[in-house]
$ cat model_7.csv   # CSV, C-alpha atoms
chain,number,residue,atom,x,y,z
A,1,LEU,CA,10.8,7.7,13.7
A,2,HIS,CA,13.6,10.1,12.7
A,3,LEU,CA,14.0,10.0,8.8
A,4,GLY,CA,16.5,12.8,8.5
A,5,GLU,CA,19.2,10.6,6.9
A,6,VAL,CA,17.0,8.6,4.6
A,7,GLY,CA,18.4,9.1,1.1
A,8,PHE,CA,16.1,6.8,-0.8
A,9,ILE,CA,12.9,5.0,0.0
A,10,ASP,CA,11.2,2.2,-2.1
A,11,SER,CA,7.9,0.5,-1.6
A,12,SER,CA,9.4,-2.1,0.8
A,13,GLY,CA,10.7,0.7,3.0
A,14,LEU,CA,7.3,2.4,3.0
A,15,GLY,CA,5.7,-0.9,3.7
A,16,THR,CA,8.0,-1.4,6.7
A,17,ILE,CA,7.0,2.0,8.1
A,18,VAL,CA,3.3,1.2,7.5
A,19,ARG,CA,3.6,-2.1,9.2
A,20,SER,CA,5.4,-0.4,12.2
A,21,LEU,CA,2.5,2.1,12.4
A,22,THR,CA,-0.1,-0.7,12.2
A,23,SER,CA,1.7,-2.8,14.9
A,24,THR,CA,2.1,0.2,17.1
A,25,ARG,CA,-1.6,1.1,16.8
A,26,GLN,CA,-2.7,-2.5,17.5
A,27,VAL,CA,-1.2,-2.1,21.0
A,28,ARG,CA,-2.8,1.4,21.4
A,29,GLY,CA,0.4,3.2,20.6
A,30,GLU,CA,1.2,5.9,18.1
A,31,LEU,CA,4.1,6.5,15.7
A,32,LYS,CA,5.3,10.0,14.8
A,33,LEU,CA,7.6,10.9,11.9
A,34,CYS,CA,10.2,13.6,12.2
A,35,ASN,CA,12.9,15.3,10.1
A,36,VAL,CA,11.2,13.9,6.9
A,37,PRO,CA,13.4,14.8,3.9
A,38,GLU,CA,11.6,16.5,1.0
A,39,HIS,CA,12.0,13.6,-1.4
A,40,VAL,CA,10.4,11.2,1.2
A,41,ARG,CA,7.6,13.8,1.9
A,42,LYS,CA,6.9,13.8,-1.9
A,43,VAL,CA,6.7,10.0,-1.9
A,44,LEU,CA,4.2,10.1,1.0
A,45,GLU,CA,2.2,12.7,-0.9
A,46,LEU,CA,2.2,10.7,-4.2
A,47,SER,CA,1.3,7.6,-2.3
A,48,HIS,CA,-1.6,9.4,-0.5
A,49,LEU,CA,0.0,8.4,2.8
A,50,THR,CA,0.5,11.9,4.3
A,51,SER,CA,-2.7,11.7,6.2
A,52,LEU,CA,-1.8,8.3,7.6
A,53,PHE,CA,1.4,9.6,9.3
A,54,ASP,CA,1.8,12.4,11.8
A,55,ALA,CA,4.9,14.1,10.6
A,56,HIS,CA,6.9,16.9,12.4
A,57,ASP,CA,9.8,19.2,11.5
A,58,SER,CA,11.9,18.1,14.5
A,59,GLU,CA,12.3,15.4,17.0
A,60,GLU,CA,11.2,17.8,19.8
A,61,LYS,CA,8.0,18.7,18.0
A,62,ALA,CA,7.2,15.0,17.4
A,63,VAL,CA,7.8,14.1,21.1
A,64,ALA,CA,5.6,17.1,22.1
A,65,ALA,CA,2.8,15.9,19.8
A,66,PHE,CA,2.5,12.7,21.9
A,67,TYR,CA,1.2,15.0,24.7
A,68,GLN,CA,-1.3,16.9,22.6
A,69,GLN,CA,-4.8,15.8,21.7
A,70,GLY,CA,-5.2,15.4,18.0
A,71,ALA,CA,-7.8,14.3,15.6
A,72,ARG,CA,-7.1,11.5,13.1
A,73,ALA,CA,-7.4,12.2,9.4
A,74,GLU,CA,-10.7,11.3,7.8
A,75,ALA,CA,-11.0,8.1,5.9
A,76,PRO,CA,-10.9,8.4,2.1
A,77,VAL,CA,-14.2,8.1,0.2
A,78,SER,CA,-14.5,4.6,-1.2
A,79,SER,CA,-14.7,4.1,-5.0
A,80,GLY,CA,-16.7,0.9,-4.4
A,81,ARG,CA,-14.0,-1.0,-6.3
A,82,SER,CA,-12.2,-4.0,-4.7
A,83,VAL,CA,-8.7,-5.1,-5.4
A,84,LEU,CA,-6.9,-8.3,-4.4
A,85,CYS,CA,-3.2,-7.8,-4.0
A,86,LEU,CA,-0.8,-10.8,-4.1
A,87,ASP,CA,2.8,-10.6,-3.3
A,88,SER,CA,5.3,-12.7,-1.4
A,89,ASN,CA,6.8,-9.7,0.4
A,90,ALA,CA,4.7,-8.6,3.5
A,91,ASP,CA,6.2,-5.1,3.4
A,92,VAL,CA,5.1,-4.6,-0.2
A,93,LEU,CA,1.6,-5.9,0.7
A,94,ALA,CA,1.4,-3.4,3.6
A,95,TYR,CA,2.4,-0.6,1.3
A,96,LEU,CA,0.0,-1.6,-1.4
A,97,ARG,CA,-2.9,-1.9,1.2
A,98,GLU,CA,-2.4,1.6,2.5
A,99,LEU,CA,-1.8,3.1,-1.0
A,100,LEU,CA,-4.9,1.6,-2.4
A,101,LEU,CA,-7.0,2.3,0.7
A,102,ARG,CA,-6.0,5.9,0.5
A,103,ALA,CA,-6.9,5.9,-3.2
A,104,GLY,CA,-10.4,4.8,-2.2
A,105,TYR,CA,-10.3,1.0,-3.0
A,106,GLU,CA,-11.4,-1.9,-0.8
A,107,VAL,CA,-8.3,-3.9,-0.5
A,108,HIS,CA,-7.6,-7.5,0.4
A,109,THR,CA,-4.1,-9.0,0.4
A,110,SER,CA,-2.5,-12.4,0.3
A,111,SER,CA,1.0,-13.8,0.1
A,112,LYS,CA,-0.1,-17.2,-1.1
A,113,LEU,CA,-2.0,-18.1,-4.3
A,114,GLY,CA,-4.0,-20.8,-2.4
A,115,ASP,CA,-5.3,-18.2,0.1
A,116,ALA,CA,-6.0,-15.8,-2.8
A,117,LEU,CA,-8.0,-18.5,-4.6
A,118,LEU,CA,-10.1,-19.0,-1.5
A,119,LEU,CA,-10.8,-15.3,-1.2
A,120,MET,CA,-11.8,-15.3,-4.9
A,121,ARG,CA,-14.3,-18.0,-4.2
A,122,VAL,CA,-16.1,-15.9,-1.6
A,123,THR,CA,-15.5,-12.4,-2.8
A,124,ARG,CA,-15.8,-10.7,-6.2
A,125,PHE,CA,-12.8,-8.5,-7.0
A,126,ASP,CA,-12.7,-5.8,-9.7
A,127,LEU,CA,-8.9,-6.1,-10.1
A,128,LEU,CA,-6.1,-8.4,-9.2
A,129,LEU,CA,-2.7,-6.9,-8.5
A,130,LEU,CA,-0.1,-9.7,-8.9
A,131,GLY,CA,3.5,-9.5,-7.6
A,132,PRO,CA,6.3,-11.3,-9.2
A,133,GLY,CA,7.3,-14.9,-8.4
A,134,MET,CA,3.9,-16.0,-7.0
A,135,THR,CA,4.2,-19.8,-7.0
A,136,ALA,CA,2.1,-22.7,-5.8
A,137,SER,CA,1.4,-26.3,-6.8
A,138,ALA,CA,0.5,-26.9,-10.4
A,139,ALA,CA,-3.1,-27.6,-9.5
A,140,THR,CA,-3.4,-24.4,-7.4
A,141,GLN,CA,-1.8,-22.3,-10.2
A,142,GLN,CA,-4.2,-23.8,-12.7
A,143,SER,CA,-7.2,-23.1,-10.5
A,144,PHE,CA,-6.0,-19.6,-9.9
A,145,GLN,CA,-5.7,-18.9,-13.6
A,146,ALA,CA,-9.2,-20.2,-14.2
A,147,ALA,CA,-10.7,-18.2,-11.4
A,148,SER,CA,-8.9,-15.0,-12.5
A,149,ALA,CA,-9.6,-15.4,-16.2
A,150,GLY,CA,-12.4,-12.7,-16.3
A,151,VAL,CA,-10.8,-10.3,-13.8
A,152,PRO,CA,-8.6,-7.4,-14.9
A,153,MET,CA,-5.1,-7.8,-13.7
A,154,VAL,CA,-2.1,-5.6,-13.2
A,155,GLU,CA,1.3,-7.3,-12.8
A,156,LEU,CA,3.9,-5.7,-10.6
A,157,GLY,CA,7.3,-6.1,-12.2
A,158,SER,CA,10.2,-7.5,-10.1
A,159,GLU,CA,11.6,-3.9,-10.1
A,160,PHE,CA,8.5,-2.5,-8.3
A,161,SER,CA,9.9,-2.9,-4.8
A,162,THR,CA,13.2,-1.4,-5.7
A,163,HIS,CA,12.2,1.7,-7.7
A,164,ASP,CA,11.6,5.1,-6.1
A,165,ALA,CA,8.3,4.6,-4.2
A,166,GLY,CA,6.8,7.9,-5.5
A,167,GLU,CA,7.4,7.0,-9.1
A,168,ALA,CA,6.3,3.4,-8.6
A,169,CYS,CA,3.0,4.4,-6.9
A,170,ALA,CA,2.1,7.0,-9.5
A,171,GLU,CA,2.7,4.5,-12.3
A,172,LEU,CA,0.8,1.8,-10.4
A,173,LEU,CA,-2.2,4.0,-9.8
A,174,ARG,CA,-2.2,5.0,-13.4
A,175,LYS,CA,-2.2,1.3,-14.5
A,176,ILE,CA,-5.0,0.5,-12.1
A,177,ASP,CA,-7.1,3.4,-13.3
A,178,ASP,CA,-6.5,2.4,-17.0
A,179,ARG,CA,-7.6,-1.2,-16.3
A,180,LEU,CA,-10.7,-0.2,-14.3
A,181,SER,CA,-11.8,2.7,-16.5
A,182,PRO,CA,-14.4,1.9,-19.1
A,183,LYS,CA,-13.0,2.1,-22.6
A,184,THR,CA,-14.6,4.7,-24.8
A,185,ALA,CA,-14.7,4.4,-28.6
$ encode --input "model_7.csv" --output "structure tokens"
Amino acid sequence: LHLGEVGFIDSSGLGTIVRSLTSTRQVRGELKLCNVPEHVRKVLELSHLTSLFDAHDSEEKAVAAFYQQGARAEAPVSSGRSVLCLDSNADVLAYLRELLLRAGYEVHTSSKLGDALLLMRVTRFDLLLLGPGMTASAATQQSFQAASAGVPMVELGSEFSTHDAGEACAELLRKIDDRLSPKTA
């Protein structure tokens, strides 16, 4: 994937790349990045996604890498904390999943409140990450509110998926850390 002319990337763009990588790996393929601009490289670093992608300086080096044996990066150490991410945008969910997995969280995602409610009935979550505009029937919304009453929540603003992904991820990780860190007096 040649990124040389990418001038800006947001969380939806990163999510699209993550989903492409996931789809490729599901069919036993591989995805290489090349000509990654410095601002995109910084976003990948801030998002802790550099170890997920195999990036190369040139297209030639990326193609050559397909013919070399390489070890995959080690998995991050788990914090033991679980997060349920809800957003209607599948690309944003893919991005959040990888971002939080790389930060050491156990991550579950859902694009529907009803499905999230079912997950909450069978799994205890340490944090809910809620995207904008999540709607469902009045009964489902009421049940979701009751089920999530005791769970810390971070709401993604509608601007999350359009802001610079590096800044958005740094701010999100800070908010999550603030909500999950015990308060000291």
$ residues_around --input "model_7.csv" --residues "region 45-53 of chain A" --least-positions-apart "6" --cutoff "7 Å" --atoms "all atoms listed in the file" --output "list in words"
Lys32, Leu33, Ala73, Leu99, Arg102, Ala103, Gly166, Cys169 and Ala170 of chain A
$ residues_around --input "model_7.csv" --residues "Val6 (chain A)" --least-positions-apart "3" --cutoff "8 Å" --atoms "all atoms listed in the file" --output "PyMOL selection string"
chain A and resi 3+9+37+40
$ residues_around --input "model_7.csv" --residues "Ser58 (chain A)" --least-positions-apart "6" --cutoff "10 Å" --atoms "all atoms listed in the file" --output "list in words"
His2, Gly4, Leu33, Cys34, Asn35, Val36 and Ala64 of chain A
$ residues_near_point --input "model_7.csv" --point "(8.7, -9.1, -10.7)" --cutoff "12 Å" --atoms "all atoms listed in the file" --output "list of chain:residue names"
A:Leu86, A:Asp87, A:Ser88, A:Asn89, A:Val92, A:Leu129, A:Leu130, A:Gly131, A:Pro132, A:Gly133, A:Met134, A:Val154, A:Glu155, A:Leu156, A:Gly157, A:Ser158, A:Glu159, A:Phe160, A:Ser161, A:Thr162, A:His163
$ atom_distance --input "model_7.csv" --atom1 "CA of Leu31 (chain A)" --atom2 "CA of His56 (chain A)"
11.3 Å
$ closest_residue --input "model_7.csv" --among "A:Glu98, A:Glu106, A:Asp91, A:Glu30" --to "Phe66 (chain A)" --atoms "all atoms listed in the file"
A:Glu30
$ atom_distance --input "model_7.csv" --atom1 "CA of Ile17 (chain A)" --atom2 "CA of Gly104 (chain A)"
20.4 Å
$ atom_distance --input "model_7.csv" --atom1 "CA of Tyr105 (chain A)" --atom2 "CA of Ser79 (chain A)"
5.7 Å
$ residues_around --input "model_7.csv" --residues "region 150-153 of chain A" --least-positions-apart "5" --cutoff "10 Å" --atoms "all atoms listed in the file" --output "number ranges by chain"
A: 83-85, 124-130, 145, 175-176, 179-180
$ write_last_selection --input "model_7.csv" --atoms "C-alpha atoms" --output "PDB file, in the coordinates of the input"
ATOM      1  CA  VAL A  83      -8.700  -5.100  -5.400  1.00  0.00           C
ATOM      2  CA  LEU A  84      -6.900  -8.300  -4.400  1.00  0.00           C
ATOM      3  CA  CYS A  85      -3.200  -7.800  -4.000  1.00  0.00           C
ATOM      4  CA  ARG A 124     -15.800 -10.700  -6.200  1.00  0.00           C
ATOM      5  CA  PHE A 125     -12.800  -8.500  -7.000  1.00  0.00           C
ATOM      6  CA  ASP A 126     -12.700  -5.800  -9.700  1.00  0.00           C
ATOM      7  CA  LEU A 127      -8.900  -6.100 -10.100  1.00  0.00           C
ATOM      8  CA  LEU A 128      -6.100  -8.400  -9.200  1.00  0.00           C
ATOM      9  CA  LEU A 129      -2.700  -6.900  -8.500  1.00  0.00           C
ATOM     10  CA  LEU A 130      -0.100  -9.700  -8.900  1.00  0.00           C
ATOM     11  CA  GLN A 145      -5.700 -18.900 -13.600  1.00  0.00           C
ATOM     12  CA  LYS A 175      -2.200   1.300 -14.500  1.00  0.00           C
ATOM     13  CA  ILE A 176      -5.000   0.500 -12.100  1.00  0.00           C
ATOM     14  CA  ARG A 179      -7.600  -1.200 -16.300  1.00  0.00           C
ATOM     15  CA  LEU A 180     -10.700  -0.200 -14.300  1.00  0.00           C
TER      16      LEU A 180
END
$ closest_residue --input "model_7.csv" --among "A:Arg81, A:Thr22, A:Arg28, A:Asp115" --to "Ser181 (chain A)" --atoms "only C-alpha atoms"
A:Arg81
$ closest_residue --input "model_7.csv" --among "A:Arg19, A:Glu59, A:Leu100, A:Glu5" --to "Leu173 (chain A)" --atoms "all atoms listed in the file"
A:Leu100
$ closest_residue --input "model_7.csv" --among "A:Arg25, A:Lys112, A:Asp57, A:Ala168" --to "Val43 (chain A)" --atoms "all atoms listed in the file"
A:Ala168
$ residues_around --input "model_7.csv" --residues "Asp164 (chain A)" --least-positions-apart "5" --cutoff "8 Å" --atoms "all atoms listed in the file" --output "PyMOL selection string"
chain A and resi 8-11
$ closest_residue --input "model_7.csv" --among "A:Ala147, A:Ala138, A:Val27, A:Val107" --to "Gly80 (chain A)" --atoms "all atoms listed in the file"
A:Val107
